[in-house]
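As provided, query_28.cif (mmCIF, C-alpha atoms and all ligand atoms; chains and numbers go by the auth columns) reads as follows.
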```cif
data_model
#
loop_
_atom_site.group_PDB
_atom_site.id
_atom_site.type_symbol
_atom_site.label_atom_id
_atom_site.label_comp_id
_atom_site.label_asym_id
_atom_site.label_seq_id
_atom_site.Cartn_x
_atom_site.Cartn_y
_atom_site.Cartn_z
_atom_site.B_iso_or_equiv
_atom_site.auth_seq_id
_atom_site.auth_asym_id
ATOM 1 C CA MET A 1 -58.516 -77.636 -28.683 0.00 1 K
ATOM 2 C CA ARG A 2 -60.095 -78.568 -31.954 0.00 2 K
ATOM 3 C CA ASN A 3 -57.939 -78.577 -35.074 0.00 3 K
ATOM 4 C CA GLU A 4 -59.256 -75.712 -37.215 0.00 4 K
ATOM 5 C CA SER A 5 -56.758 -76.134 -40.048 0.00 5 K
ATOM 6 C CA LEU A 6 -58.266 -76.357 -43.537 0.00 6 K
ATOM 7 C CA TYR A 7 -55.748 -79.135 -44.142 0.00 7 K
ATOM 8 C CA SER A 8 -56.325 -81.144 -40.968 0.00 8 K
ATOM 9 C CA ARG A 9 -54.715 -84.331 -42.337 0.00 9 K
ATOM 10 C CA SER A 10 -51.449 -82.544 -43.052 0.00 10 K
ATOM 11 C CA GLY A 11 -51.390 -79.707 -40.535 0.00 11 K
ATOM 12 C CA TYR A 12 -52.940 -78.298 -37.428 0.00 12 K
ATOM 13 C CA GLY A 13 -53.907 -74.916 -36.143 0.00 13 K
ATOM 14 C CA VAL A 14 -56.366 -73.017 -34.018 0.00 14 K
ATOM 15 C CA SER A 15 -57.824 -69.544 -34.171 0.00 15 K
ATOM 16 C CA LEU A 16 -56.479 -66.836 -31.921 0.00 16 K
ATOM 17 C CA GLN A 17 -59.879 -66.752 -30.185 0.00 17 K
ATOM 18 C CA GLN A 18 -59.775 -70.500 -29.403 0.00 18 K
ATOM 19 C CA LEU A 19 -56.184 -70.245 -28.183 0.00 19 K
ATOM 20 C CA LEU A 20 -56.965 -67.289 -25.893 0.00 20 K
ATOM 21 C CA ARG A 21 -60.091 -69.006 -24.508 0.00 21 K
ATOM 22 C CA SER A 22 -58.082 -72.133 -23.761 0.00 22 K
ATOM 23 C CA LEU A 23 -55.201 -70.239 -22.131 0.00 23 K
ATOM 24 C CA LYS A 24 -57.697 -68.247 -20.034 0.00 24 K
ATOM 25 C CA LYS A 25 -59.301 -71.511 -18.874 0.00 25 K
ATOM 26 C CA VAL A 26 -55.879 -72.954 -18.010 0.00 26 K
ATOM 27 C CA ASP A 27 -55.144 -69.819 -15.976 0.00 27 K
ATOM 28 C CA GLU A 28 -58.542 -69.896 -14.214 0.00 28 K
ATOM 29 C CA LEU A 29 -57.950 -73.493 -13.204 0.00 29 K
ATOM 30 C CA LYS A 30 -54.463 -72.546 -11.971 0.00 30 K
ATOM 31 C CA MET A 31 -52.986 -75.108 -14.314 0.00 31 K
ATOM 32 C CA ARG A 32 -50.253 -74.799 -16.914 0.00 32 K
ATOM 33 C CA VAL A 33 -49.613 -76.099 -20.384 0.00 33 K
ATOM 34 C CA LEU A 34 -47.314 -79.116 -20.113 0.00 34 K
ATOM 35 C CA ALA A 35 -47.267 -80.181 -23.756 0.00 35 K
ATOM 36 C CA ILE A 36 -48.747 -79.549 -27.176 0.00 36 K
ATOM 37 C CA TYR A 37 -50.366 -82.597 -28.757 0.00 37 K
ATOM 38 C CA HIS A 38 -51.158 -83.497 -32.342 0.00 38 K
ATOM 39 C CA SER A 39 -51.355 -86.669 -34.384 0.00 39 K
ATOM 40 C CA HIS A 40 -49.933 -87.836 -37.688 0.00 40 K
ATOM 41 C CA PRO A 41 -52.717 -89.933 -39.244 0.00 41 K
ATOM 42 C CA ASP A 42 -50.489 -91.451 -41.918 0.00 42 K
ATOM 43 C CA GLY A 43 -46.956 -90.737 -40.727 0.00 43 K
ATOM 44 C CA ASP A 44 -44.462 -91.571 -38.043 0.00 44 K
ATOM 45 C CA ALA A 45 -44.318 -90.013 -34.570 0.00 45 K
ATOM 46 C CA LEU A 46 -41.535 -87.701 -35.678 0.00 46 K
ATOM 47 C CA PRO A 47 -41.680 -83.927 -36.091 0.00 47 K
ATOM 48 C CA SER A 48 -42.169 -82.830 -39.689 0.00 48 K
ATOM 49 C CA ALA A 49 -40.300 -79.933 -41.247 0.00 49 K
ATOM 50 C CA ARG A 50 -43.507 -77.932 -40.848 0.00 50 K
ATOM 51 C CA ASP A 51 -43.769 -78.923 -37.150 0.00 51 K
ATOM 52 C CA LYS A 52 -40.254 -77.574 -36.584 0.00 52 K
ATOM 53 C CA LYS A 53 -40.841 -74.428 -38.618 0.00 53 K
ATOM 54 C CA GLU A 54 -44.116 -73.543 -36.883 0.00 54 K
ATOM 55 C CA ALA A 55 -43.072 -74.470 -33.328 0.00 55 K
ATOM 56 C CA ALA A 56 -43.704 -71.549 -30.988 0.00 56 K
ATOM 57 C CA TRP A 57 -43.875 -73.128 -27.521 0.00 57 K
ATOM 58 C CA THR A 58 -41.082 -74.186 -25.210 0.00 58 K
ATOM 59 C CA VAL A 59 -43.023 -77.171 -23.869 0.00 59 K
ATOM 60 C CA PRO A 60 -42.660 -80.625 -25.464 0.00 60 K
ATOM 61 C CA TYR A 61 -44.685 -81.425 -28.572 0.00 61 K
ATOM 62 C CA LEU A 62 -46.325 -84.829 -28.196 0.00 62 K
ATOM 63 C CA ILE A 63 -46.829 -86.500 -31.572 0.00 63 K
ATOM 64 C CA LEU A 64 -48.976 -89.589 -31.990 0.00 64 K
ATOM 65 C CA SER A 65 -48.550 -91.810 -35.027 0.00 65 K
ATOM 66 C CA MET A 66 -51.929 -93.347 -35.795 0.00 66 K
ATOM 67 C CA ARG A 67 -50.333 -95.725 -38.297 0.00 67 K
ATOM 68 C CA ARG A 68 -47.753 -97.076 -35.852 0.00 68 K
ATOM 69 C CA GLN A 69 -49.811 -96.568 -32.668 0.00 69 K
ATOM 70 C CA GLU A 70 -46.813 -94.830 -31.150 0.00 70 K
ATOM 71 C CA ALA A 71 -46.383 -91.587 -29.178 0.00 71 K
ATOM 72 C CA ARG A 72 -43.153 -89.607 -28.896 0.00 72 K
ATOM 73 C CA ALA A 73 -42.372 -86.126 -27.582 0.00 73 K
ATOM 74 C CA PHE A 74 -39.891 -83.531 -28.797 0.00 74 K
ATOM 75 C CA LEU A 75 -38.664 -80.063 -27.970 0.00 75 K
ATOM 76 C CA LEU A 76 -38.990 -78.038 -31.166 0.00 76 K
ATOM 77 C CA PRO A 77 -37.529 -76.729 -33.346 0.00 77 K
ATOM 78 C CA ALA A 78 -34.398 -78.625 -32.242 0.00 78 K
ATOM 79 C CA ALA A 79 -36.259 -81.973 -32.430 0.00 79 K
ATOM 80 C CA GLN A 80 -34.667 -83.066 -29.159 0.00 80 K
ATOM 81 C CA GLU A 81 -36.619 -86.114 -27.989 0.00 81 K
ATOM 82 C CA VAL A 82 -38.149 -86.014 -24.514 0.00 82 K
ATOM 83 C CA PRO A 83 -38.648 -89.365 -22.791 0.00 83 K
ATOM 84 C CA ILE A 84 -42.288 -90.150 -22.049 0.00 84 K
ATOM 85 C CA SER A 85 -44.070 -92.996 -20.316 0.00 85 K
ATOM 86 C CA VAL A 86 -47.403 -94.216 -21.673 0.00 86 K
ATOM 87 C CA GLU A 87 -49.448 -96.325 -19.300 0.00 87 K
HETATM 88 ZN ZN ZN B . -46.691 -82.996 -36.959 0.00 101 K
#
```

Do you think you could lay out the structure here as structure tokens?
Amino acid sequence: MRNESLYSRSGYGVSLQQLLRSLKKVDELKMRVLAIYHSHPDGDALPSARDKKEAAWTVPYLILSMRRQEARAFLLPAAQEVPISVE
């Protein structure tokens, strides 16, 4: 999904229409959402206070730090890290 936030360097978000279209496509393909991905262009691969506050899914949140070229995953809002393997 495309980040539709007005503040795309400090937050992320999508419209309800885009979310529903994407979930419908996932369902049609008989797939499931395994993780939610977003990047931190200038920060670390750690969940921000806003990430924790706005977390709504029970799947891991994969966060990519562009500055450190690092990816980490967390269950939010608890910020429990989930081991990942990047190949
Ligand atoms: Zn974040």

At most 6 Å from ligand ZN 101 (chain K) (only C-alpha atoms and all ligand atoms): residue list as a PyMOL selection string:
chain K and resi 40+47-48+51

Shortest interatomic distance to Arg32 in chain K - which of K:Ala45, K:Lys52, K:Gln17, K:Val59, counting only C-alpha atoms
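Residue with the minimum atom-to-atom distance to Arg32 in chain K: K:Val59.
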
Spell out the residues picked by the PyMOL selection byres (((chain K and resi 9) around 10) and not hetatm) here, as a PyMOL selection string.
chain K and resi 3+5-8+10-12+39-42

Starting from 4 Å padding per side, set up an axis-aligned box that covers all listed atoms of range 54-62 of chain K and hand over centre and edge lengths in Å, one decimal, as JSON.
```
{"center_x": -43.7, "center_y": -78.2, "center_z": -30.4, "size_x": 13.2, "size_y": 21.3, "size_z": 21.0}
```

Can you tell me which residues surround Ala78 in chain K at a distance of at most 12 Å, considering only C-alpha atoms, apart from same-chain residues fewer than 3 positions away, and format the answer as a PDB file with C-alpha atoms, in the frame of the given file?
```pdb
ATOM      1  CA  PRO K  47     -41.680 -83.927 -36.091  1.00  0.00           C
ATOM      2  CA  SER K  48     -42.169 -82.830 -39.689  1.00  0.00           C
ATOM      3  CA  ALA K  49     -40.300 -79.933 -41.247  1.00  0.00           C
ATOM      4  CA  ASP K  51     -43.769 -78.923 -37.150  1.00  0.00           C
ATOM      5  CA  LYS K  52     -40.254 -77.574 -36.584  1.00  0.00           C
ATOM      6  CA  LYS K  53     -40.841 -74.428 -38.618  1.00  0.00           C
ATOM      7  CA  GLU K  54     -44.116 -73.543 -36.883  1.00  0.00           C
ATOM      8  CA  ALA K  55     -43.072 -74.470 -33.328  1.00  0.00           C
ATOM      9  CA  ALA K  56     -43.704 -71.549 -30.988  1.00  0.00           C
ATOM     10  CA  TRP K  57     -43.875 -73.128 -27.521  1.00  0.00           C
ATOM     11  CA  THR K  58     -41.082 -74.186 -25.210  1.00  0.00           C
ATOM     12  CA  PRO K  60     -42.660 -80.625 -25.464  1.00  0.00           C
ATOM     13  CA  TYR K  61     -44.685 -81.425 -28.572  1.00  0.00           C
ATOM     14  CA  ALA K  73     -42.372 -86.126 -27.582  1.00  0.00           C
ATOM     15  CA  PHE K  74     -39.891 -83.531 -28.797  1.00  0.00           C
ATOM     16  CA  LEU K  75     -38.664 -80.063 -27.970  1.00  0.00           C
ATOM     17  CA  GLU K  81     -36.619 -86.114 -27.989  1.00  0.00           C
ATOM     18  CA  VAL K  82     -38.149 -86.014 -24.514  1.00  0.00           C
TER      19      VAL K  82
END
```

Could you work out how far CA of Gly13 in chain K lies from CA of Glu87 in chain K, giving the answer in Å with one decimal?
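Answer for the CA of Glu87 in chain K to CA of Gly13 in chain K separation: 27.6 Å.
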
What is the CA of Arg72 in chain K to CA of His38 in chain K distance in Å?
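If I compute the distance from CA of Arg72 in chain K to CA of His38 in chain K, I get 10.6 Å.
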
Determine the nearest neighbour of Met66 in chain K from the options K:Ala79, K:Arg50, K:Ala35, K:Asp44, counting all atoms listed in the file.
K:Asp44

In Å, how far is it from CA of Glu4 in chain K to CA of Ser85 in chain K?
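Separation of CA of Glu4 in chain K and CA of Ser85 in chain K: 28.5 Å.
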
Point out the residue among K:Leu76, K:Val86, K:Met1, K:Leu20 with the least atom-to-atom distance to Leu64 in chain K, counting all atoms listed in the file.
K:Val86
